[in-house]
$ cat model-v6.tsv   # TSV, C-alpha atoms
chain	number	residue	atom	x	y	z
K	1	MET	CA	22.19	5.91	-0.24
K	2	THR	CA	19.56	3.82	-2.03
K	3	ALA	CA	21.40	0.83	-0.53
K	4	GLN	CA	19.12	1.41	2.49
K	5	TYR	CA	16.16	0.48	0.30
K	6	ASP	CA	17.99	-2.34	-1.53
K	7	GLY	CA	18.59	-3.98	1.84
K	8	ILE	CA	14.89	-4.31	2.64
K	9	GLY	CA	14.08	-6.11	-0.62
K	10	GLY	CA	10.45	-5.90	-1.72
K	11	SER	CA	9.19	-4.87	1.71
K	12	GLY	CA	9.32	-1.11	1.06
K	13	LEU	CA	7.54	-1.39	-2.27
K	14	GLN	CA	4.89	-3.68	-0.76
K	15	PHE	CA	4.37	-1.15	2.03
K	16	PHE	CA	3.93	1.67	-0.51
K	17	GLY	CA	1.50	-0.47	-2.53
K	18	LYS	CA	-0.60	-1.49	0.45
K	19	VAL	CA	-0.92	2.08	1.72
K	20	SER	CA	-1.83	3.33	-1.79
K	21	ALA	CA	-4.46	0.59	-2.22
K	22	SER	CA	-5.99	1.34	1.19
K	23	ILE	CA	-6.14	5.08	0.45
K	24	SER	CA	-7.72	4.58	-2.98
K	25	HIS	CA	-10.31	2.24	-1.44
K	26	GLU	CA	-11.20	4.79	1.22
K	27	LEU	CA	-11.47	7.57	-1.37
K	28	LYS	CA	-13.80	5.38	-3.44
K	29	ASN	CA	-16.08	5.10	-0.40
K	30	VAL	CA	-16.02	8.89	0.00
K	31	LEU	CA	-16.86	9.33	-3.70
K	32	ALA	CA	-19.70	6.81	-3.41
K	33	ILE	CA	-21.29	8.85	-0.59
K	34	ILE	CA	-20.81	12.12	-2.51
K	35	ASN	CA	-22.28	10.44	-5.59
K	36	GLU	CA	-25.42	9.31	-3.72
K	37	ASN	CA	-25.89	12.74	-2.12
K	38	ALA	CA	-25.50	14.44	-5.51
K	39	GLY	CA	-28.08	11.96	-6.79
K	40	LEU	CA	-30.40	12.90	-3.94
K	41	LEU	CA	-30.17	16.56	-4.94
K	42	GLU	CA	-30.95	15.54	-8.52
K	43	ASP	CA	-33.99	13.55	-7.32
K	44	LEU	CA	-35.18	16.54	-5.24
K	45	THR	CA	-34.74	18.84	-8.26
K	46	VAL	CA	-36.78	16.53	-10.49
K	47	ALA	CA	-39.48	16.32	-7.79
K	48	ALA	CA	-39.51	20.14	-7.41
K	49	ARG	CA	-39.94	20.59	-11.18
K	50	ARG	CA	-43.00	18.36	-10.91
K	51	GLY	CA	-44.40	20.64	-8.21
K	52	SER	CA	-43.30	18.91	-4.97
K	53	PRO	CA	-42.10	21.35	-2.31
K	54	ILE	CA	-38.42	21.12	-1.31
K	55	ASP	CA	-37.80	20.45	2.37
K	56	PRO	CA	-35.01	22.87	3.48
K	57	ASP	CA	-33.97	20.43	6.26
K	58	ARG	CA	-33.46	17.73	3.66
K	59	LEU	CA	-31.24	20.08	1.62
K	60	ASP	CA	-29.33	21.05	4.78
K	61	ARG	CA	-28.66	17.38	5.65
K	62	THR	CA	-27.35	16.74	2.15
K	63	VAL	CA	-25.06	19.79	2.24
K	64	ARG	CA	-23.72	18.68	5.66
K	65	ASN	CA	-23.02	15.23	4.19
K	66	PHE	CA	-21.01	16.83	1.37
K	67	THR	CA	-19.01	18.91	3.85
K	68	LYS	CA	-18.34	15.87	6.07
K	69	GLN	CA	-17.06	13.79	3.15
K	70	ILE	CA	-14.93	16.65	1.80
K	71	HIS	CA	-13.23	16.96	5.22
K	72	ARG	CA	-12.77	13.19	5.31
K	73	ALA	CA	-11.18	13.14	1.84
K	74	ASP	CA	-9.00	16.13	2.76
K	75	GLU	CA	-7.62	14.28	5.82
K	76	ILE	CA	-6.96	11.15	3.75
K	77	LEU	CA	-5.13	13.17	1.08
K	78	LYS	CA	-3.08	15.15	3.67
K	79	ASN	CA	-1.87	11.84	5.12
K	80	MET	CA	-1.17	10.50	1.65
K	81	ASN	CA	0.83	13.60	0.78
K	82	ARG	CA	2.90	13.43	3.98
K	83	PHE	CA	3.52	9.73	3.37
K	84	ALA	CA	4.55	10.30	-0.26
K	85	HIS	CA	7.05	12.99	0.83
K	86	SER	CA	8.64	10.68	3.39
K	87	VAL	CA	10.89	9.31	0.63
K	88	ASP	CA	12.24	12.80	-0.15
K	89	GLN	CA	15.16	12.50	2.26
K	90	PHE	CA	17.16	9.45	3.21
K	91	GLU	CA	17.95	10.93	6.60
K	92	CYS	CA	16.31	13.70	8.59
K	93	ARG	CA	15.02	14.62	12.04
K	94	VAL	CA	11.37	13.79	12.58
K	95	ASP	CA	9.03	14.06	15.54
K	96	LEU	CA	8.47	10.43	16.54
K	97	HIS	CA	4.92	10.98	17.79
K	98	ASP	CA	3.92	12.78	14.55
K	99	LEU	CA	5.31	9.89	12.51
K	100	VAL	CA	3.52	7.30	14.66
K	101	VAL	CA	0.21	9.20	14.34
K	102	LEU	CA	0.65	9.27	10.54
K	103	VAL	CA	1.26	5.50	10.32
K	104	ALA	CA	-1.66	4.82	12.71
K	105	ASN	CA	-3.90	6.95	10.45
K	106	LEU	CA	-2.69	5.09	7.35
K	107	ALA	CA	-3.39	1.75	9.06
K	108	ALA	CA	-6.75	2.82	10.56
K	109	ARG	CA	-8.84	1.28	7.78
K	110	LYS	CA	-6.94	-2.02	7.97
K	111	ALA	CA	-7.44	-2.02	11.75
K	112	ALA	CA	-11.14	-1.18	11.39
K	113	MET	CA	-11.56	-4.20	9.09
K	114	GLY	CA	-10.42	-6.35	12.03
K	115	ARG	CA	-12.53	-4.23	14.44
K	116	ILE	CA	-9.39	-3.02	16.20
K	117	LEU	CA	-8.94	0.54	17.38
K	118	LEU	CA	-5.53	2.19	17.04
K	119	GLU	CA	-4.58	4.88	19.56
K	120	THR	CA	-1.45	6.91	20.11
K	121	THR	CA	-0.16	8.50	23.30
K	122	ALA	CA	1.82	11.72	23.00
K	123	PRO	CA	4.99	11.94	25.11
K	124	ALA	CA	5.30	14.74	27.67
K	125	GLN	CA	8.20	16.20	25.68
K	126	PRO	CA	8.63	15.88	21.89
K	127	ILE	CA	10.93	13.00	20.92
K	128	GLN	CA	13.11	13.50	17.87
K	129	PHE	CA	14.24	10.60	15.71
K	130	THR	CA	17.10	11.00	13.26
K	131	GLY	CA	17.12	8.48	10.44
K	132	ASN	CA	15.22	7.41	7.35
K	133	PRO	CA	11.54	8.34	7.90
K	134	PHE	CA	10.23	5.97	5.23
K	135	LEU	CA	12.03	3.00	6.78
K	136	LEU	CA	10.71	3.90	10.24
K	137	GLU	CA	7.17	4.20	8.84
K	138	ASN	CA	7.64	0.82	7.19
K	139	LEU	CA	8.78	-0.73	10.49
K	140	VAL	CA	5.82	0.72	12.44
K	141	TRP	CA	3.43	-0.43	9.67
K	142	LEU	CA	4.80	-4.00	9.75
K	143	CYS	CA	4.40	-4.07	13.54
K	144	LEU	CA	0.83	-2.80	13.22
K	145	GLU	CA	0.07	-5.44	10.57
K	146	LEU	CA	1.32	-8.02	13.05
K	147	ALA	CA	-0.74	-6.46	15.87
K	148	ILE	CA	-3.92	-6.36	13.76
K	149	ALA	CA	-3.49	-9.97	12.63
K	150	SER	CA	-2.83	-11.34	16.11
K	151	THR	CA	-5.19	-9.24	18.26
K	152	SER	CA	-8.84	-10.11	18.96
K	153	ALA	CA	-11.65	-7.95	17.54
K	154	GLY	CA	-12.85	-5.20	19.86
K	155	ARG	CA	-9.41	-4.55	21.39
K	156	THR	CA	-7.41	-1.30	21.35
K	157	VAL	CA	-3.76	-1.25	20.30
K	158	THR	CA	-1.86	1.78	21.61
K	159	LEU	CA	1.41	3.21	20.32
K	160	ILE	CA	3.50	4.96	22.99
K	161	PRO	CA	6.80	6.69	22.14
K	162	GLU	CA	9.27	6.99	25.01
K	163	LYS	CA	12.72	8.53	25.46
K	164	THR	CA	14.94	7.06	28.16
K	165	ALA	CA	18.47	8.11	29.12
K	166	SER	CA	19.91	5.49	26.79
K	167	ALA	CA	17.35	4.83	24.07
K	168	THR	CA	14.40	5.95	21.98
K	169	LEU	CA	11.58	3.43	22.30
K	170	LEU	CA	8.19	2.79	20.76
K	171	HIS	CA	5.87	0.56	22.80
K	172	ILE	CA	2.96	-1.11	21.02
K	173	THR	CA	0.59	-2.30	23.74
K	174	GLY	CA	-2.65	-4.29	23.74
K	175	MET	CA	-1.30	-6.94	21.36
K	176	ASP	CA	-2.48	-10.55	21.65
K	177	GLY	CA	-0.47	-13.62	20.69
K	178	LEU	CA	2.94	-12.42	21.82
K	179	GLY	CA	5.46	-15.02	22.92
K	180	GLU	CA	9.14	-14.77	23.61
K	181	LYS	CA	9.43	-14.69	19.84
K	182	LEU	CA	7.18	-12.72	17.52
K	183	PRO	CA	4.33	-14.52	15.66
K	184	LEU	CA	5.89	-13.31	12.42
K	185	GLN	CA	4.08	-13.38	9.11
K	186	ASN	CA	6.59	-11.35	7.14
K	187	ASP	CA	9.64	-11.99	9.30
K	188	ALA	CA	12.16	-11.46	6.50
K	189	GLY	CA	10.69	-8.01	5.81
K	190	LEU	CA	10.52	-7.04	9.47
K	191	GLU	CA	14.06	-8.21	10.17
K	192	ALA	CA	15.41	-6.48	7.06
K	193	VAL	CA	13.75	-3.15	7.95
K	194	CYS	CA	14.97	-3.45	11.56
K	195	ALA	CA	18.51	-4.13	10.30
K	196	ALA	CA	18.40	-1.20	7.85
K	197	LEU	CA	17.37	1.13	10.69
K	198	GLY	CA	19.65	-0.44	13.28
K	199	ALA	CA	16.55	-1.05	15.38
K	200	GLY	CA	15.77	-3.89	17.78
K	201	MET	CA	12.59	-5.55	19.00
K	202	ALA	CA	11.63	-7.01	22.36
K	203	THR	CA	8.40	-8.65	23.50
K	204	ASP	CA	6.68	-8.57	26.87
K	205	PRO	CA	4.01	-11.30	26.55
K	206	ALA	CA	2.62	-10.67	30.07
K	207	GLY	CA	2.18	-6.98	29.32
K	208	ASN	CA	0.90	-7.62	25.76
K	209	THR	CA	3.59	-5.24	24.55
K	210	LEU	CA	6.03	-5.16	21.68
K	211	THR	CA	8.80	-2.61	22.09
K	212	LEU	CA	10.90	-1.20	19.28
K	213	ARG	CA	14.31	0.13	20.28
K	214	LEU	CA	15.15	2.81	17.75
K	215	GLY	CA	18.66	3.68	18.88
G	1	MET	CA	-44.78	-4.64	-7.87
G	2	SER	CA	-42.21	-2.83	-5.74
G	3	GLU	CA	-38.89	-4.57	-5.20
G	4	LYS	CA	-37.86	-5.62	-1.67
G	5	ILE	CA	-34.21	-4.78	-1.16
G	6	LEU	CA	-31.74	-5.34	1.65
G	7	LEU	CA	-28.78	-2.96	1.55
G	8	ILE	CA	-25.71	-4.05	3.58
G	9	ASP	CA	-22.83	-1.57	3.96
G	10	ASP	CA	-20.76	-0.38	6.92
G	11	GLU	CA	-20.75	3.22	5.61
G	12	VAL	CA	-23.84	4.60	7.36
G	13	ASP	CA	-23.91	7.83	5.30
G	14	PHE	CA	-23.88	5.73	2.12
G	15	LEU	CA	-26.71	3.55	3.45
G	16	SER	CA	-28.96	6.51	4.29
G	17	ALA	CA	-28.46	8.33	0.96
G	18	MET	CA	-28.73	5.19	-1.18
G	19	SER	CA	-31.81	3.89	0.64
G	20	GLU	CA	-33.54	7.27	0.30
G	21	ARG	CA	-32.90	7.24	-3.45
G	22	MET	CA	-34.17	3.67	-3.79
G	23	LYS	CA	-37.31	4.50	-1.79
G	24	ALA	CA	-37.89	7.43	-4.17
G	25	ARG	CA	-37.92	4.79	-6.92
G	26	ASP	CA	-40.72	2.89	-5.14
G	27	MET	CA	-38.51	0.16	-3.71
G	28	GLN	CA	-39.00	-1.23	-0.21
G	29	VAL	CA	-35.58	-0.86	1.39
G	30	THR	CA	-34.20	-2.39	4.57
G	31	THR	CA	-30.66	-1.50	5.67
G	32	ALA	CA	-27.95	-3.23	7.71
G	33	SER	CA	-24.64	-1.65	8.72
G	34	SER	CA	-22.80	-4.93	9.32
G	35	ALA	CA	-22.66	-8.39	7.82
G	36	LYS	CA	-24.00	-9.87	11.07
G	37	GLU	CA	-27.03	-7.54	11.05
G	38	GLY	CA	-27.56	-8.31	7.35
G	39	LEU	CA	-27.56	-12.07	7.95
G	40	GLU	CA	-30.12	-11.61	10.76
G	41	LYS	CA	-32.38	-9.53	8.50
G	42	VAL	CA	-32.16	-12.08	5.67
G	43	ALA	CA	-33.12	-14.82	8.14
G	44	ALA	CA	-36.12	-12.77	9.33
G	45	GLY	CA	-37.50	-11.57	5.99
G	46	SER	CA	-37.81	-12.19	2.27
G	47	PHE	CA	-35.96	-10.02	-0.24
G	48	ASP	CA	-35.89	-9.79	-4.04
G	49	ALA	CA	-32.24	-8.73	-3.91
G	50	VAL	CA	-29.45	-8.11	-1.44
G	51	ILE	CA	-26.97	-5.33	-2.25
G	52	LEU	CA	-23.80	-6.23	-0.39
G	53	ASP	CA	-20.59	-4.24	0.20
G	54	LEU	CA	-17.49	-6.32	-0.48
G	55	ALA	CA	-15.22	-4.75	2.17
G	56	MET	CA	-16.68	-4.65	5.66
G	57	PRO	CA	-15.20	-4.95	9.15
G	58	GLU	CA	-14.93	-8.39	10.75
G	59	MET	CA	-16.81	-10.30	8.03
G	60	ASP	CA	-16.17	-9.28	4.43
G	61	GLY	CA	-18.62	-9.47	1.54
G	62	ILE	CA	-17.26	-12.74	0.11
G	63	GLU	CA	-17.63	-14.50	3.47
G	64	THR	CA	-21.11	-13.03	3.91
G	65	LEU	CA	-22.07	-14.08	0.36
G	66	LYS	CA	-20.92	-17.63	1.11
G	67	ILE	CA	-23.18	-17.83	4.21
G	68	LEU	CA	-26.12	-16.19	2.42
G	69	LYS	CA	-25.94	-18.63	-0.50
G	70	GLU	CA	-25.51	-21.64	1.80
G	71	LYS	CA	-28.66	-20.70	3.70
G	72	ASN	CA	-30.64	-19.49	0.70
G	73	PRO	CA	-29.25	-20.57	-2.71
G	74	ASP	CA	-32.02	-18.72	-4.57
G	75	LEU	CA	-31.17	-15.34	-3.03
G	76	GLN	CA	-30.12	-12.74	-5.62
G	77	VAL	CA	-27.01	-10.94	-4.39
G	78	ILE	CA	-25.44	-7.91	-6.08
G	79	LEU	CA	-22.00	-6.97	-4.76
G	80	LEU	CA	-20.86	-3.35	-4.48
G	81	THR	CA	-17.19	-2.60	-4.14
G	82	GLY	CA	-14.71	0.25	-4.09
G	83	HIS	CA	-12.14	-1.75	-6.04
G	84	ALA	CA	-12.78	-5.27	-7.19
G	85	THR	CA	-9.86	-7.36	-8.32
G	86	ILE	CA	-10.52	-9.86	-11.13
G	87	LYS	CA	-9.84	-12.62	-8.59
G	88	GLN	CA	-12.53	-11.28	-6.24
G	89	GLY	CA	-14.98	-10.89	-9.12
G	90	ILE	CA	-14.47	-14.48	-10.26
G	91	GLU	CA	-14.76	-15.76	-6.68
G	92	ALA	CA	-18.00	-13.82	-6.17
G	93	MET	CA	-19.51	-15.19	-9.40
G	94	LYS	CA	-18.44	-18.73	-8.51
G	95	LEU	CA	-20.19	-18.34	-5.17
G	96	GLY	CA	-23.37	-17.37	-6.98
G	97	ALA	CA	-23.40	-13.56	-6.91
G	98	MET	CA	-25.73	-12.17	-9.55
G	99	ASP	CA	-23.48	-9.23	-10.38
G	100	LEU	CA	-20.69	-7.00	-9.13
G	101	LEU	CA	-20.78	-3.21	-9.43
G	102	GLU	CA	-18.01	-0.75	-8.68
G	103	LYS	CA	-18.57	2.25	-6.37
G	104	PRO	CA	-19.61	4.94	-7.07
G	105	ALA	CA	-22.45	3.09	-8.75
G	106	ASP	CA	-24.92	4.53	-11.23
G	107	ILE	CA	-28.42	4.32	-9.68
G	108	ASN	CA	-29.99	3.56	-13.07
G	109	ALA	CA	-27.61	0.65	-13.70
G	110	LEU	CA	-28.23	-0.63	-10.18
G	111	THR	CA	-32.02	-0.28	-10.60
G	112	GLU	CA	-31.83	-2.33	-13.82
G	113	LYS	CA	-29.87	-5.06	-12.01
G	114	ILE	CA	-32.41	-5.05	-9.16
G	115	LYS	CA	-35.26	-5.48	-11.66
G	116	THR	CA	-33.37	-8.39	-13.26
G	117	ALA	CA	-32.86	-9.88	-9.80
G	118	GLN	CA	-36.58	-9.60	-9.02
G	119	ALA	CA	-37.49	-11.22	-12.37
G	120	LYS	CA	-35.03	-14.07	-11.70
G	121	LYS	CA	-36.47	-14.58	-8.24
G	122	MET	CA	-40.04	-14.66	-9.60
G	123	LEU	CA	-38.98	-17.21	-12.18
G	124	ILE	CA	-37.45	-19.42	-9.48
G	125	VAL	CA	-40.60	-19.12	-7.32
G	126	GLU	CA	-42.83	-19.95	-10.32
G	127	LYS	CA	-40.69	-22.98	-11.17
G	128	LYS	CA	-40.86	-24.20	-7.59
G	129	ASN	CA	-44.64	-23.74	-7.53
G	130	GLU	CA	-44.99	-25.67	-10.79
G	131	GLU	CA	-42.88	-28.51	-9.41
G	132	MET	CA	-44.95	-28.59	-6.25
G	133	ILE	CA	-48.22	-28.72	-8.23
G	134	ARG	CA	-46.80	-31.47	-10.45
G	135	LYS	CA	-45.81	-33.44	-7.34
G	136	ILE	CA	-49.26	-33.02	-5.79
G	137	MET	CA	-50.94	-34.03	-9.07
G	138	ALA	CA	-48.74	-37.12	-9.29
G	139	THR	CA	-49.36	-38.24	-5.71
G	140	LYS	CA	-53.11	-37.48	-5.50
G	141	GLY	CA	-55.49	-39.58	-7.53
G	142	TRP	CA	-57.56	-36.70	-9.05
$ encode --input "model-v6.tsv" --output "structure tokens"
Amino acid sequence: MTAQYDGIGGSGLQFFGKVSASISHELKNVLAIINENAGLLEDLTVAARRGSPIDPDRLDRTVRNFTKQIHRADEILKNMNRFAHSVDQFECRVDLHDLVVLVANLAARKAAMGRILLETTAPAQPIQFTGNPFLLENLVWLCLELAIASTSAGRTVTLIPEKTASATLLHITGMDGLGEKLPLQNDAGLEAVCAALGAGMATDPAGNTLTLRLG
Amino acid sequence: MSEKILLIDDEVDFLSAMSERMKARDMQVTTASSAKEGLEKVAAGSFDAVILDLAMPEMDGIETLKILKEKNPDLQVILLTGHATIKQGIEAMKLGAMDLLEKPADINALTEKIKTAQAKKMLIVEKKNEEMIRKIMATKGW
């Protein structure tokens, strides 16, 4: 079964590495804010020992900052945990929208660096996908990398899962730079992941949309 | 003399906590939550040191450093980063960054670096003043 991963070459490992690096960077930012707020409490304590009164509002603001960053770190780690467990099974049934939301969350920092907002639209009815979840995450990630690189700052890229009578689709709309062919950066990786999943891609340049056909 | 600092970081909660701590250490702190805002504030004022986040939306710290040093080669810039690669560190130093600190940073270490930056800046200003006086002395027939 690992042949599925052999077929995509280094792409899967690169994907894992990029997500891990992005998560660790984000957690460092969280720690930096917690560190400064802990320092503020230390400064207030030193000042209080010297006789300065402590402003309860100042303490309250600091406590709220701690809580905010703890929630932020918790969300980051929940996503990381879900992502790490996506290699547990080579094939399983997953909710397509849930998977797309996870990948959009993992790519949010990368998108924010390019001042692009990622949004997802939930389908009216849940759409189930049966296949390798890690490979599908990798495919969505590669498409988002492409979208972020080719789309102008300030734009919103939206991921829309759809189930038709004959196919399961994922539309990625709001993308700039689409032609009949994709402006590929890592075309070998994208093609290999598509092949491993048995997926296809189609572009609609006029509608700024890339559509993945997932079977 | 209190140090004049410009703090540039897109994490607003980091900016507010860090600036409050620096102010408690008698520094004059100005903040900017984007590279663009930071560049505007550097153009409008004079700072002993700029503390610059390496990873920011749209324009990253290296690009910002490049522009800052082009416009003001004497500016003392200390980079702050979540994770610096050796390559980024070397690039930053080549571009004239004074130092690079990893987040979360120790306020005492950062304060020391700011004091060094201020001393370096004063030295540069003194040197420039001396040169100017020497020039005036050479051109005027006193």
$ residues_around --input "model-v6.tsv" --residues "range 133-137 of chain K" --least-positions-apart "3" --cutoff "7 Å" --atoms "all atoms listed in the file" --output "PyMOL selection string"
chain K and resi 86-87+103+140-141+193+197
$ interface_residues --input "model-v6.tsv" --of "chain K" --to "chain G" --cutoff "8 Å" --atoms "all atoms listed in the file" --output "MDAnalysis selection string"
chainID K and resid 25:26 28:29 31:33 35:37 39:40 43 65 112:115 153
$ residues_near_point --input "model-v6.tsv" --point "(-2.7, 0.9, -0.7)" --cutoff "12 Å" --atoms "all atoms listed in the file" --output "tab-separated table (two decimals) with C-alpha atoms, in the frame of the given file"
chain	number	residue	atom	x	y	z
K	13	LEU	CA	7.54	-1.39	-2.27
K	14	GLN	CA	4.89	-3.68	-0.76
K	15	PHE	CA	4.37	-1.15	2.03
K	16	PHE	CA	3.93	1.67	-0.51
K	17	GLY	CA	1.50	-0.47	-2.53
K	18	LYS	CA	-0.60	-1.49	0.45
K	19	VAL	CA	-0.92	2.08	1.72
K	20	SER	CA	-1.83	3.33	-1.79
K	21	ALA	CA	-4.46	0.59	-2.22
K	22	SER	CA	-5.99	1.34	1.19
K	23	ILE	CA	-6.14	5.08	0.45
K	24	SER	CA	-7.72	4.58	-2.98
K	25	HIS	CA	-10.31	2.24	-1.44
K	26	GLU	CA	-11.20	4.79	1.22
K	27	LEU	CA	-11.47	7.57	-1.37
K	76	ILE	CA	-6.96	11.15	3.75
K	80	MET	CA	-1.17	10.50	1.65
K	83	PHE	CA	3.52	9.73	3.37
K	84	ALA	CA	4.55	10.30	-0.26
K	106	LEU	CA	-2.69	5.09	7.35
K	107	ALA	CA	-3.39	1.75	9.06
K	109	ARG	CA	-8.84	1.28	7.78
K	110	LYS	CA	-6.94	-2.02	7.97
G	83	HIS	CA	-12.14	-1.75	-6.04
$ residues_around --input "model-v6.tsv" --residues "Ala119 in chain G" --least-positions-apart "6" --cutoff "10 Å" --atoms "only C-alpha atoms" --output "PyMOL selection string"
chain G and resi 3+48+113+125
$ residues_around --input "model-v6.tsv" --residues "range 85-97 of chain G" --least-positions-apart "3" --cutoff "12 Å" --atoms "all atoms listed in the file" --output "VMD selection string"
(chain K and resid 21 25) or (chain G and resid 49 to 55 60 to 70 72 to 82 100 to 102 113 117)
$ atom_distance --input "model-v6.tsv" --atom1 "CA of Leu210 in chain K" --atom2 "CA of Ala147 in chain K"
9.0 Å
$ residues_around --input "model-v6.tsv" --residues "range 27-35 of chain G" --least-positions-apart "5" --cutoff "6 Å" --atoms "only C-alpha atoms" --output "list in words"
Ser2, Glu3, Lys4, Ile5, Leu6, Leu7, Ile8, Asp9, Asp10 and Met22 of chain G
$ closest_residue --input "model-v6.tsv" --among "K:Leu118, K:Leu178, K:Ala196, K:Thr156" --to "Gly12 in chain K" --atoms "all atoms listed in the file"
K:Ala196
$ atom_distance --input "model-v6.tsv" --atom1 "CA of Thr151 in chain K" --atom2 "CA of His171 in chain K"
15.5 Å
$ atom_distance --input "model-v6.tsv" --atom1 "CA of Thr203 in chain K" --atom2 "CA of Ile172 in chain K"
9.6 Å
$ closest_residue --input "model-v6.tsv" --among "K:Gln128, K:Leu142, K:Gly51, K:Leu212" --to "Cys92 in chain K" --atoms "all atoms listed in the file"
K:Gln128
$ axis_aligned_box --input "model-v6.tsv" --around "range 9-13 of chain K" --padding-each-side "8 Å" --output "AutoDock Vina command-line options"
--center_x 10.8 --center_y -3.6 --center_z -0.3 --size_x 22.5 --size_y 21.0 --size_z 20.0
$ closest_residue --input "model-v6.tsv" --among "K:Leu44, K:Val101, K:Leu96, K:Leu139" --to "Leu169 in chain K" --atoms "only C-alpha atoms"
K:Leu96
